[in-house]
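Dumped run.pdb below, it's PDB, C-alpha atoms and all ligand atoms:
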ATOM      1  CA  MET A  16      91.736 112.636  62.960  1.00  0.00           C
ATOM      2  CA  THR A  17      93.111 115.628  64.886  1.00  0.00           C
ATOM      3  CA  SER A  18      94.065 119.119  63.872  1.00  0.00           C
ATOM      4  CA  GLY A  19      97.405 118.674  65.635  1.00  0.00           C
ATOM      5  CA  ARG A  20      96.709 121.566  68.004  1.00  0.00           C
ATOM      6  CA  SER A  21      93.337 121.027  69.647  1.00  0.00           C
ATOM      7  CA  PRO A  22      92.911 118.376  72.297  1.00  0.00           C
ATOM      8  CA  SER A  23      90.975 115.340  71.092  1.00  0.00           C
ATOM      9  CA  LEU A  24      87.368 114.375  71.587  1.00  0.00           C
ATOM     10  CA  ARG A  25      87.604 110.597  71.306  1.00  0.00           C
ATOM     11  CA  VAL A  26      84.333 109.231  69.942  1.00  0.00           C
ATOM     12  CA  GLY A  27      82.885 105.751  70.341  1.00  0.00           C
ATOM     13  CA  MET A  28      79.920 105.206  68.037  1.00  0.00           C
ATOM     14  CA  VAL A  29      77.267 102.486  68.308  1.00  0.00           C
ATOM     15  CA  GLY A  30      75.558 101.464  65.043  1.00  0.00           C
ATOM     16  CA  TYR A  31      77.106 102.150  61.682  1.00  0.00           C
ATOM     17  CA  ALA A  32      74.330 102.017  59.084  1.00  0.00           C
ATOM     18  CA  PHE A  33      72.341 105.039  57.851  1.00  0.00           C
ATOM     19  CA  MET A  34      72.979 107.552  60.635  1.00  0.00           C
ATOM     20  CA  GLY A  35      76.264 105.942  61.614  1.00  0.00           C
ATOM     21  CA  ALA A  36      77.618 106.642  58.138  1.00  0.00           C
ATOM     22  CA  ALA A  37      76.302 110.229  58.262  1.00  0.00           C
ATOM     23  CA  HIS A  38      77.842 110.822  61.700  1.00  0.00           C
ATOM     24  CA  SER A  39      81.160 109.357  60.556  1.00  0.00           C
ATOM     25  CA  GLN A  40      81.356 111.943  57.779  1.00  0.00           C
ATOM     26  CA  ALA A  41      80.277 114.681  60.157  1.00  0.00           C
ATOM     27  CA  TRP A  42      82.856 113.862  62.849  1.00  0.00           C
ATOM     28  CA  ARG A  43      85.543 113.827  60.162  1.00  0.00           C
ATOM     29  CA  THR A  44      84.595 117.001  58.350  1.00  0.00           C
ATOM     30  CA  ALA A  45      83.289 119.255  61.152  1.00  0.00           C
ATOM     31  CA  PRO A  46      86.782 120.533  62.053  1.00  0.00           C
ATOM     32  CA  ARG A  47      87.377 121.424  58.412  1.00  0.00           C
ATOM     33  CA  PHE A  48      84.365 123.762  58.397  1.00  0.00           C
ATOM     34  CA  PHE A  49      84.318 125.101  61.938  1.00  0.00           C
ATOM     35  CA  GLU A  50      86.833 126.299  64.505  1.00  0.00           C
ATOM     36  CA  LEU A  51      86.309 123.705  67.229  1.00  0.00           C
ATOM     37  CA  PRO A  52      87.811 123.634  70.716  1.00  0.00           C
ATOM     38  CA  LEU A  53      88.255 119.853  70.440  1.00  0.00           C
ATOM     39  CA  ALA A  54      89.340 117.717  67.514  1.00  0.00           C
ATOM     40  CA  PRO A  55      86.961 114.776  67.017  1.00  0.00           C
ATOM     41  CA  ARG A  56      88.755 111.484  66.713  1.00  0.00           C
ATOM     42  CA  LEU A  57      87.020 108.409  65.274  1.00  0.00           C
ATOM     43  CA  THR A  58      88.328 106.104  67.989  1.00  0.00           C
ATOM     44  CA  ALA A  59      85.991 103.088  67.887  1.00  0.00           C
ATOM     45  CA  ILE A  60      82.704 101.778  66.534  1.00  0.00           C
ATOM     46  CA  ALA A  61      80.563  99.027  67.959  1.00  0.00           C
ATOM     47  CA  GLY A  62      78.338  96.592  66.108  1.00  0.00           C
ATOM     48  CA  ARG A  63      77.304  93.036  66.799  1.00  0.00           C
ATOM     49  CA  ASP A  64      78.847  91.198  63.885  1.00  0.00           C
ATOM     50  CA  PRO A  65      82.686  91.173  63.959  1.00  0.00           C
ATOM     51  CA  GLU A  66      83.169  90.990  60.189  1.00  0.00           C
ATOM     52  CA  ARG A  67      80.609  93.631  59.360  1.00  0.00           C
ATOM     53  CA  VAL A  68      81.808  96.015  62.024  1.00  0.00           C
ATOM     54  CA  ALA A  69      85.396  95.594  60.781  1.00  0.00           C
ATOM     55  CA  ALA A  70      84.273  96.315  57.216  1.00  0.00           C
ATOM     56  CA  ALA A  71      82.337  99.379  58.392  1.00  0.00           C
ATOM     57  CA  ALA A  72      85.339 100.658  60.357  1.00  0.00           C
ATOM     58  CA  ALA A  73      87.553 100.341  57.290  1.00  0.00           C
ATOM     59  CA  LYS A  74      85.010 102.027  55.028  1.00  0.00           C
ATOM     60  CA  LEU A  75      84.016 104.830  57.378  1.00  0.00           C
ATOM     61  CA  GLY A  76      87.472 105.459  58.812  1.00  0.00           C
ATOM     62  CA  TRP A  77      87.321 104.283  62.442  1.00  0.00           C
ATOM     63  CA  GLU A  78      90.457 103.272  64.314  1.00  0.00           C
ATOM     64  CA  SER A  79      89.108 100.223  66.145  1.00  0.00           C
ATOM     65  CA  THR A  80      86.018  98.075  66.683  1.00  0.00           C
ATOM     66  CA  GLU A  81      84.033  96.420  69.442  1.00  0.00           C
ATOM     67  CA  THR A  82      81.257  93.840  69.175  1.00  0.00           C
ATOM     68  CA  ASP A  83      79.452  94.975  72.322  1.00  0.00           C
ATOM     69  CA  TRP A  84      78.603  98.622  73.007  1.00  0.00           C
ATOM     70  CA  ARG A  85      79.325  98.006  76.680  1.00  0.00           C
ATOM     71  CA  ARG A  86      83.001  97.657  75.793  1.00  0.00           C
ATOM     72  CA  LEU A  87      83.010 101.182  74.343  1.00  0.00           C
ATOM     73  CA  ILE A  88      81.746 102.475  77.651  1.00  0.00           C
ATOM     74  CA  GLU A  89      84.388 100.554  79.601  1.00  0.00           C
ATOM     75  CA  ARG A  90      87.241 101.923  77.520  1.00  0.00           C
ATOM     76  CA  ASP A  91      89.354 104.700  79.049  1.00  0.00           C
ATOM     77  CA  ASP A  92      90.298 106.075  75.637  1.00  0.00           C
ATOM     78  CA  ILE A  93      86.743 107.136  74.731  1.00  0.00           C
ATOM     79  CA  ASP A  94      85.216 110.462  75.817  1.00  0.00           C
ATOM     80  CA  LEU A  95      81.857 110.454  74.041  1.00  0.00           C
ATOM     81  CA  ILE A  96      79.346 107.797  73.053  1.00  0.00           C
ATOM     82  CA  ASP A  97      77.478 108.502  69.836  1.00  0.00           C
ATOM     83  CA  ILE A  98      74.263 106.442  69.723  1.00  0.00           C
ATOM     84  CA  CYS A  99      73.133 105.602  66.174  1.00  0.00           C
ATOM     85  CA  THR A 100      70.994 102.543  66.918  1.00  0.00           C
ATOM     86  CA  PRO A 101      67.210 101.971  66.848  1.00  0.00           C
ATOM     87  CA  GLY A 102      65.106 103.692  69.487  1.00  0.00           C
ATOM     88  CA  ASP A 103      64.583 100.679  71.728  1.00  0.00           C
ATOM     89  CA  THR A 104      68.301 100.709  72.598  1.00  0.00           C
ATOM     90  CA  HIS A 105      68.809 104.420  73.313  1.00  0.00           C
ATOM     91  CA  ALA A 106      67.848 104.526  76.987  1.00  0.00           C
ATOM     92  CA  GLU A 107      69.987 101.588  78.068  1.00  0.00           C
ATOM     93  CA  ILE A 108      73.078 102.759  76.188  1.00  0.00           C
ATOM     94  CA  ALA A 109      72.732 106.444  77.076  1.00  0.00           C
ATOM     95  CA  ILE A 110      72.130 105.824  80.775  1.00  0.00           C
ATOM     96  CA  ALA A 111      75.064 103.407  81.047  1.00  0.00           C
ATOM     97  CA  ALA A 112      77.333 105.848  79.201  1.00  0.00           C
ATOM     98  CA  LEU A 113      76.347 108.875  81.274  1.00  0.00           C
ATOM     99  CA  GLU A 114      76.723 106.952  84.515  1.00  0.00           C
ATOM    100  CA  ALA A 115      80.236 105.960  83.388  1.00  0.00           C
ATOM    101  CA  GLY A 116      81.092 109.634  82.821  1.00  0.00           C
ATOM    102  CA  LYS A 117      80.971 109.596  79.014  1.00  0.00           C
ATOM    103  CA  HIS A 118      79.428 112.485  77.113  1.00  0.00           C
ATOM    104  CA  VAL A 119      76.484 111.342  74.980  1.00  0.00           C
ATOM    105  CA  LEU A 120      75.136 112.297  71.580  1.00  0.00           C
ATOM    106  CA  CYS A 121      71.923 110.327  71.083  1.00  0.00           C
ATOM    107  CA  GLU A 122      70.015 110.115  67.839  1.00  0.00           C
ATOM    108  CA  LYS A 123      66.392 111.165  67.717  1.00  0.00           C
ATOM    109  CA  PRO A 124      63.727 110.308  68.713  1.00  0.00           C
ATOM    110  CA  LEU A 125      65.417 110.302  72.097  1.00  0.00           C
ATOM    111  CA  ALA A 126      63.378 107.383  73.447  1.00  0.00           C
ATOM    112  CA  ASN A 127      60.410 105.181  72.636  1.00  0.00           C
ATOM    113  CA  SER A 128      58.282 106.457  75.533  1.00  0.00           C
ATOM    114  CA  VAL A 129      57.977 109.561  77.688  1.00  0.00           C
ATOM    115  CA  ALA A 130      58.836 107.522  80.785  1.00  0.00           C
ATOM    116  CA  GLU A 131      62.093 106.366  79.184  1.00  0.00           C
ATOM    117  CA  ALA A 132      62.937 109.902  78.065  1.00  0.00           C
ATOM    118  CA  GLU A 133      62.297 111.212  81.578  1.00  0.00           C
ATOM    119  CA  ARG A 134      64.612 108.592  83.073  1.00  0.00           C
ATOM    120  CA  MET A 135      67.304 109.525  80.545  1.00  0.00           C
ATOM    121  CA  THR A 136      66.838 113.225  81.282  1.00  0.00           C
ATOM    122  CA  ALA A 137      67.183 112.687  85.029  1.00  0.00           C
ATOM    123  CA  VAL A 138      70.433 110.771  84.525  1.00  0.00           C
ATOM    124  CA  ALA A 139      71.660 113.425  82.057  1.00  0.00           C
ATOM    125  CA  ASP A 140      70.899 116.212  84.568  1.00  0.00           C
ATOM    126  CA  ALA A 141      72.838 114.395  87.281  1.00  0.00           C
ATOM    127  CA  ALA A 142      75.728 113.810  84.855  1.00  0.00           C
ATOM    128  CA  ALA A 143      75.680 117.477  83.789  1.00  0.00           C
ATOM    129  CA  ALA A 144      76.316 118.456  87.388  1.00  0.00           C
ATOM    130  CA  ARG A 145      79.531 116.418  87.100  1.00  0.00           C
ATOM    131  CA  GLY A 146      80.525 118.166  83.846  1.00  0.00           C
ATOM    132  CA  VAL A 147      79.237 115.475  81.489  1.00  0.00           C
ATOM    133  CA  PHE A 148      77.465 116.780  78.379  1.00  0.00           C
ATOM    134  CA  SER A 149      74.568 115.208  76.545  1.00  0.00           C
ATOM    135  CA  MET A 150      72.572 116.113  73.492  1.00  0.00           C
ATOM    136  CA  CYS A 151      69.927 114.690  71.179  1.00  0.00           C
ATOM    137  CA  GLY A 152      70.661 114.818  67.447  1.00  0.00           C
ATOM    138  CA  PHE A 153      67.950 117.201  66.299  1.00  0.00           C
ATOM    139  CA  SER A 154      69.517 117.673  62.889  1.00  0.00           C
ATOM    140  CA  TYR A 155      67.041 120.266  61.612  1.00  0.00           C
ATOM    141  CA  ARG A 156      67.711 122.621  64.508  1.00  0.00           C
ATOM    142  CA  ARG A 157      71.013 123.650  62.878  1.00  0.00           C
ATOM    143  CA  THR A 158      69.750 123.709  59.303  1.00  0.00           C
ATOM    144  CA  PRO A 159      70.667 127.205  58.035  1.00  0.00           C
ATOM    145  CA  ALA A 160      67.149 128.070  56.792  1.00  0.00           C
ATOM    146  CA  LEU A 161      65.576 127.008  60.092  1.00  0.00           C
ATOM    147  CA  SER A 162      68.187 128.864  62.158  1.00  0.00           C
ATOM    148  CA  LEU A 163      67.419 131.974  60.115  1.00  0.00           C
ATOM    149  CA  ALA A 164      63.677 131.477  60.665  1.00  0.00           C
ATOM    150  CA  LYS A 165      64.287 131.243  64.405  1.00  0.00           C
ATOM    151  CA  ARG A 166      66.401 134.401  64.351  1.00  0.00           C
ATOM    152  CA  LEU A 167      63.626 136.218  62.492  1.00  0.00           C
ATOM    153  CA  VAL A 168      61.080 135.082  65.074  1.00  0.00           C
ATOM    154  CA  ASP A 169      63.356 135.908  68.031  1.00  0.00           C
ATOM    155  CA  SER A 170      64.170 139.361  66.672  1.00  0.00           C
ATOM    156  CA  GLY A 171      60.491 140.234  66.403  1.00  0.00           C
ATOM    157  CA  ALA A 172      60.815 140.858  62.663  1.00  0.00           C
ATOM    158  CA  LEU A 173      57.729 138.699  62.070  1.00  0.00           C
ATOM    159  CA  GLY A 174      55.729 140.186  64.931  1.00  0.00           C
ATOM    160  CA  GLN A 175      53.842 137.969  67.322  1.00  0.00           C
ATOM    161  CA  ILE A 176      53.542 134.448  65.933  1.00  0.00           C
ATOM    162  CA  ARG A 177      49.941 133.291  66.221  1.00  0.00           C
ATOM    163  CA  HIS A 178      49.906 130.268  63.964  1.00  0.00           C
ATOM    164  CA  VAL A 179      52.493 127.923  62.490  1.00  0.00           C
ATOM    165  CA  ARG A 180      51.777 125.575  59.609  1.00  0.00           C
ATOM    166  CA  ALA A 181      54.475 123.109  58.573  1.00  0.00           C
ATOM    167  CA  GLN A 182      54.722 120.077  56.360  1.00  0.00           C
ATOM    168  CA  TYR A 183      57.298 117.322  56.384  1.00  0.00           C
ATOM    169  CA  LEU A 184      57.084 115.211  53.259  1.00  0.00           C
ATOM    170  CA  GLN A 185      58.690 111.834  52.795  1.00  0.00           C
ATOM    171  CA  ASP A 186      57.388 109.037  50.598  1.00  0.00           C
ATOM    172  CA  TRP A 187      59.873 106.196  50.748  1.00  0.00           C
ATOM    173  CA  LEU A 188      57.591 103.973  52.794  1.00  0.00           C
ATOM    174  CA  THR A 189      54.642 104.363  50.449  1.00  0.00           C
ATOM    175  CA  ASP A 190      56.195 101.664  48.261  1.00  0.00           C
ATOM    176  CA  GLU A 191      54.359  98.489  49.244  1.00  0.00           C
ATOM    177  CA  ASN A 192      57.448  96.476  48.284  1.00  0.00           C
ATOM    178  CA  ALA A 193      59.763  98.444  50.582  1.00  0.00           C
ATOM    179  CA  PRO A 194      61.450  95.990  52.950  1.00  0.00           C
ATOM    180  CA  LEU A 195      60.258  95.742  56.523  1.00  0.00           C
ATOM    181  CA  THR A 196      62.619  97.653  58.808  1.00  0.00           C
ATOM    182  CA  TRP A 197      62.791  98.195  62.570  1.00  0.00           C
ATOM    183  CA  ARG A 198      61.181 101.605  61.938  1.00  0.00           C
ATOM    184  CA  LEU A 199      57.897  99.818  61.150  1.00  0.00           C
ATOM    185  CA  ASP A 200      58.091  97.586  64.226  1.00  0.00           C
ATOM    186  CA  LYS A 201      56.345  99.268  67.136  1.00  0.00           C
ATOM    187  CA  SER A 202      58.396  97.325  69.684  1.00  0.00           C
ATOM    188  CA  LYS A 203      61.601  98.884  68.348  1.00  0.00           C
ATOM    189  CA  SER A 204      60.581 102.248  66.965  1.00  0.00           C
TER     190      SER A 204
HETATM  191  N1  LIG B 301      68.645 112.827  62.873  1.00  0.00           N
HETATM  192  C1  LIG B 301      68.054 112.327  61.796  1.00  0.00           C
HETATM  193  O1  LIG B 301      67.722 113.037  60.848  1.00  0.00           O
HETATM  194  C2  LIG B 301      67.804 110.846  61.717  1.00  0.00           C
HETATM  195  C3  LIG B 301      67.541 110.247  60.489  1.00  0.00           C
HETATM  196  C4  LIG B 301      67.382 108.860  60.447  1.00  0.00           C
HETATM  197  C5  LIG B 301      67.451 108.134  61.610  1.00  0.00           C
HETATM  198  N2  LIG B 301      67.655 108.750  62.800  1.00  0.00           N
HETATM  199  C6  LIG B 301      67.761 107.973  64.046  1.00  0.00           C
HETATM  200  O2  LIG B 301      69.056 107.364  64.068  1.00  0.00           O
HETATM  201  C7  LIG B 301      68.981 106.110  64.756  1.00  0.00           C
HETATM  202  C8  LIG B 301      69.497 105.015  63.842  1.00  0.00           C
HETATM  203  O3  LIG B 301      68.712 104.990  62.677  1.00  0.00           O
HETATM  204  P1  LIG B 301      69.302 104.545  61.269  1.00  0.00           P
HETATM  205  O4  LIG B 301      68.400 105.143  60.255  1.00  0.00           O
HETATM  206  O5  LIG B 301      70.762 104.791  61.205  1.00  0.00           O
HETATM  207  O6  LIG B 301      69.003 102.977  61.372  1.00  0.00           O
HETATM  208  P2  LIG B 301      69.762 101.783  60.627  1.00  0.00           P
HETATM  209  O7  LIG B 301      68.837 100.609  60.697  1.00  0.00           O
HETATM  210  O8  LIG B 301      70.262 102.235  59.296  1.00  0.00           O
HETATM  211  O9  LIG B 301      71.021 101.532  61.568  1.00  0.00           O
HETATM  212  C9  LIG B 301      70.882 101.037  62.879  1.00  0.00           C
HETATM  213  C10 LIG B 301      72.193 100.362  63.266  1.00  0.00           C
HETATM  214  O10 LIG B 301      72.127  99.966  64.636  1.00  0.00           O
HETATM  215  C11 LIG B 301      72.667  98.649  64.734  1.00  0.00           C
HETATM  216  N3  LIG B 301      72.218  98.058  65.986  1.00  0.00           N
HETATM  217  C12 LIG B 301      70.962  97.717  66.349  1.00  0.00           C
HETATM  218  N4  LIG B 301      70.972  97.226  67.604  1.00  0.00           N
HETATM  219  C13 LIG B 301      72.263  97.265  68.032  1.00  0.00           C
HETATM  220  C14 LIG B 301      72.921  96.888  69.215  1.00  0.00           C
HETATM  221  N5  LIG B 301      72.259  96.374  70.249  1.00  0.00           N
HETATM  222  N6  LIG B 301      74.262  97.068  69.304  1.00  0.00           N
HETATM  223  C15 LIG B 301      74.958  97.590  68.268  1.00  0.00           C
HETATM  224  N7  LIG B 301      74.385  97.965  67.110  1.00  0.00           N
HETATM  225  C16 LIG B 301      73.057  97.792  67.000  1.00  0.00           C
HETATM  226  C17 LIG B 301      72.211  97.974  63.465  1.00  0.00           C
HETATM  227  O11 LIG B 301      72.949  96.810  63.207  1.00  0.00           O
HETATM  228  C18 LIG B 301      72.502  99.098  62.461  1.00  0.00           C
HETATM  229  O12 LIG B 301      73.877  99.133  62.126  1.00  0.00           O
HETATM  230  C19 LIG B 301      67.498 105.942  65.146  1.00  0.00           C
HETATM  231  O13 LIG B 301      67.313 106.413  66.453  1.00  0.00           O
HETATM  232  C20 LIG B 301      66.776 106.840  64.157  1.00  0.00           C
HETATM  233  O14 LIG B 301      65.523 107.279  64.631  1.00  0.00           O
HETATM  234  C21 LIG B 301      67.835 110.077  62.862  1.00  0.00           C
END

Could you rewrite the structure in this file as structure tokens?
Amino acid sequence: MTSGRSPSLRVGMVGYAFMGAAHSQAWRTAPRFFELPLAPRLTAIAGRDPERVAAAAAKLGWESTETDWRRLIERDDIDLIDICTPGDTHAEIAIAALEAGKHVLCEKPLANSVAEAERMTAVADAAAARGVFSMCGFSYRRTPALSLAKRLVDSGALGQIRHVRAQYLQDWLTDENAPLTWRLDKSKS
């Protein structure tokens, strides 16, 4: 989808379930809310199952599919790799994408270990020197209430901050019958 005037940012997304669906909506609607220098284009998604990835592309509005994320990285018609897969895959995909000159948006947590994150950061720094952008999807950072809180802190309106107390409440895994997901598997999460 392009605005017709802005040059395109051709996205290749890996993983199309929970966050993949959210990112699909975001790529599509962002230019309708914000004045953007580039028009995101939903060029291709990658999954491992050909039928399911085709169904996801049709549902979420992607132009084409791949069954191996490496193919996204090889393609000349993709500018940015959007990583929406479990944490154990982030480092390999992000590093390969950055080394191939693709911009990277990687879901959080960035990596499953500090060592992995440091390797990714080093590759991202080297890529940045070549004009390649990378970013981790810290969704709350841009939440309006949190941005306002940061502005209040930065402006000094709250004085010197000496103590911060925060709570993040989520209960969906307290159900003992909730299905096992990769999130509960330490080797993946
Ligand atoms: N920013 C946020 O608020 C937020 C919220 C939830 C999840 N996340 C992060 O988003 C990422 C994805 O989480 P999710 O909740 O969408 O998980 P999910 O299980 O809903 O989706 C993961 C997808 O990755 C696919 N996948 C796994 N390995 C793959 C591979 N090798 N190649 C291609 N596809 C592969 C799965 O088939 C699935 O489609 C994780 O890093 C998670 O921590 C971020």

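The space between atom N3 of ligand LIG 301 (chain B) and CA of Gly62 in chain A spans 6.3 Å.
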
Give the answer as one residue: which of A:Leu173, A:Val129, A:Ala181, A:Ala112 has the shortest atom-to-atom distance to Ile93 in chain A, using all atoms listed in the file?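 Looking at the shortest contact to Ile93 in chain A, the residue is A:Ala112.
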
Could the residues of chain A that have an atom at most 7 Å from ligand LIG 301 (chain B) be listed as JSON lines, each with its closest atom pair and the distance in Å to one decimal, counting all atoms listed in the file and ordered by chain and ascending residue number?
{"residue": "A:Val29", "atom": "CA", "partner": "B:LIG301", "partner_atom": "C15", "distance": 5.4}
{"residue": "A:Gly30", "atom": "CA", "partner": "B:LIG301", "partner_atom": "O10", "distance": 3.8}
{"residue": "A:Tyr31", "atom": "CA", "partner": "B:LIG301", "partner_atom": "O12", "distance": 4.4}
{"residue": "A:Ala32", "atom": "CA", "partner": "B:LIG301", "partner_atom": "O8", "distance": 4.1}
{"residue": "A:Phe33", "atom": "CA", "partner": "B:LIG301", "partner_atom": "O5", "distance": 3.7}
{"residue": "A:Met34", "atom": "CA", "partner": "B:LIG301", "partner_atom": "O5", "distance": 3.6}
{"residue": "A:Gly35", "atom": "CA", "partner": "B:LIG301", "partner_atom": "O5", "distance": 5.6}
{"residue": "A:Ala61", "atom": "CA", "partner": "B:LIG301", "partner_atom": "C15", "distance": 5.8}
{"residue": "A:Gly62", "atom": "CA", "partner": "B:LIG301", "partner_atom": "C15", "distance": 4.1}
{"residue": "A:Arg63", "atom": "CA", "partner": "B:LIG301", "partner_atom": "C15", "distance": 5.3}
{"residue": "A:Asp83", "atom": "CA", "partner": "B:LIG301", "partner_atom": "N6", "distance": 6.4}
{"residue": "A:Trp84", "atom": "CA", "partner": "B:LIG301", "partner_atom": "N6", "distance": 5.9}
{"residue": "A:Cys99", "atom": "CA", "partner": "B:LIG301", "partner_atom": "C8", "distance": 4.4}
{"residue": "A:Thr100", "atom": "CA", "partner": "B:LIG301", "partner_atom": "O10", "distance": 3.6}
{"residue": "A:Pro101", "atom": "CA", "partner": "B:LIG301", "partner_atom": "C19", "distance": 4.3}
{"residue": "A:Gly102", "atom": "CA", "partner": "B:LIG301", "partner_atom": "O13", "distance": 4.6}
{"residue": "A:Thr104", "atom": "CA", "partner": "B:LIG301", "partner_atom": "N5", "distance": 6.3}
{"residue": "A:Glu122", "atom": "CA", "partner": "B:LIG301", "partner_atom": "O2", "distance": 4.8}
{"residue": "A:Lys123", "atom": "CA", "partner": "B:LIG301", "partner_atom": "O13", "distance": 5.0}
{"residue": "A:Pro124", "atom": "CA", "partner": "B:LIG301", "partner_atom": "O14", "distance": 5.4}
{"residue": "A:Gly152", "atom": "CA", "partner": "B:LIG301", "partner_atom": "N1", "distance": 5.4}
{"residue": "A:Phe153", "atom": "CA", "partner": "B:LIG301", "partner_atom": "N1", "distance": 5.6}
{"residue": "A:Ser154", "atom": "CA", "partner": "B:LIG301", "partner_atom": "N1", "distance": 4.9}
{"residue": "A:Trp197", "atom": "CA", "partner": "B:LIG301", "partner_atom": "O7", "distance": 6.8}

- Rank nothing, just name the residue among A:Thr196, A:Ser128, A:Ser21, A:Ser170 nearest to Leu53 in chain A, using all atoms listed in the file.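 Residue with the minimum atom-to-atom distance to Leu53 in chain A: A:Ser21.
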
Would you translate the PyMOL selection byres (((chain A and resi 91) around 12) and not hetatm) into the concrete set of residues it matches in this file, as a VMD selection string?
chain A and resid 25 to 27 58 to 59 86 to 90 92 to 95 115 to 117

- request: Check the smallest atom-to-atom distance from each of A:Ala37, A:Ala193, A:Ile98, A:Ile176 to Ala164 in chain A using all atoms listed in the file, then report the winner.
  value: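 Of all the options, A:Ile176 lies closest to Ala164 in chain A.
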
Next item on the list: Work out how far CA of Ala126 in chain A is from CA of Glu78 in chain A, in Å to one decimal.
Entry: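 The value is 28.9 Å.
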
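Here the question is which of A:His118, A:Arg85, A:Lys201, A:Arg134 gets nearest to Ala106 in chain A using all atoms listed in the file, and that residue is A:Arg134.
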
Reconstructed N, CA, C and O atoms for range 30-41 of chain A, given as a tab-separated table (two decimals), in the coordinates of the input:
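Written output follows (part_27.tsv):
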chain	number	residue	atom	x	y	z
A	30	GLY	N	76.40	101.50	66.25
A	30	GLY	CA	75.56	101.46	65.04
A	30	GLY	C	76.27	102.19	63.93
A	30	GLY	O	76.79	103.29	64.12
A	31	TYR	N	76.29	101.56	62.76
A	31	TYR	CA	77.11	102.15	61.68
A	31	TYR	C	76.39	102.10	60.33
A	31	TYR	O	77.02	102.06	59.30
A	32	ALA	N	75.05	102.08	60.37
A	32	ALA	CA	74.33	102.02	59.08
A	32	ALA	C	73.99	103.43	58.60
A	32	ALA	O	74.89	104.23	58.39
A	33	PHE	N	72.72	103.76	58.47
A	33	PHE	CA	72.34	105.04	57.85
A	33	PHE	C	72.92	106.23	58.63
A	33	PHE	O	73.75	107.00	58.13
A	34	MET	N	72.49	106.40	59.87
A	34	MET	CA	72.98	107.55	60.64
A	34	MET	C	74.44	107.40	61.03
A	34	MET	O	75.18	108.38	61.12
A	35	GLY	N	74.86	106.16	61.27
A	35	GLY	CA	76.26	105.94	61.61
A	35	GLY	C	77.19	106.42	60.50
A	35	GLY	O	78.23	107.04	60.77
A	36	ALA	N	76.80	106.17	59.26
A	36	ALA	CA	77.62	106.64	58.14
A	36	ALA	C	77.60	108.17	58.08
A	36	ALA	O	78.64	108.81	57.89
A	37	ALA	N	76.41	108.75	58.30
A	37	ALA	CA	76.30	110.23	58.26
A	37	ALA	C	77.14	110.85	59.38
A	37	ALA	O	77.88	111.83	59.17
A	38	HIS	N	77.06	110.27	60.59
A	38	HIS	CA	77.84	110.82	61.70
A	38	HIS	C	79.34	110.67	61.45
A	38	HIS	O	80.12	111.53	61.84
A	39	SER	N	79.72	109.55	60.83
A	39	SER	CA	81.16	109.36	60.56
A	39	SER	C	81.69	110.50	59.69
A	39	SER	O	82.76	111.06	59.97
A	40	GLN	N	80.91	110.83	58.65
A	40	GLN	CA	81.36	111.94	57.78
A	40	GLN	C	81.38	113.24	58.57
A	40	GLN	O	82.28	114.08	58.41
A	41	ALA	N	80.37	113.42	59.41
A	41	ALA	CA	80.28	114.68	60.16
A	41	ALA	C	81.43	114.84	61.15
A	41	ALA	O	82.04	115.92	61.24
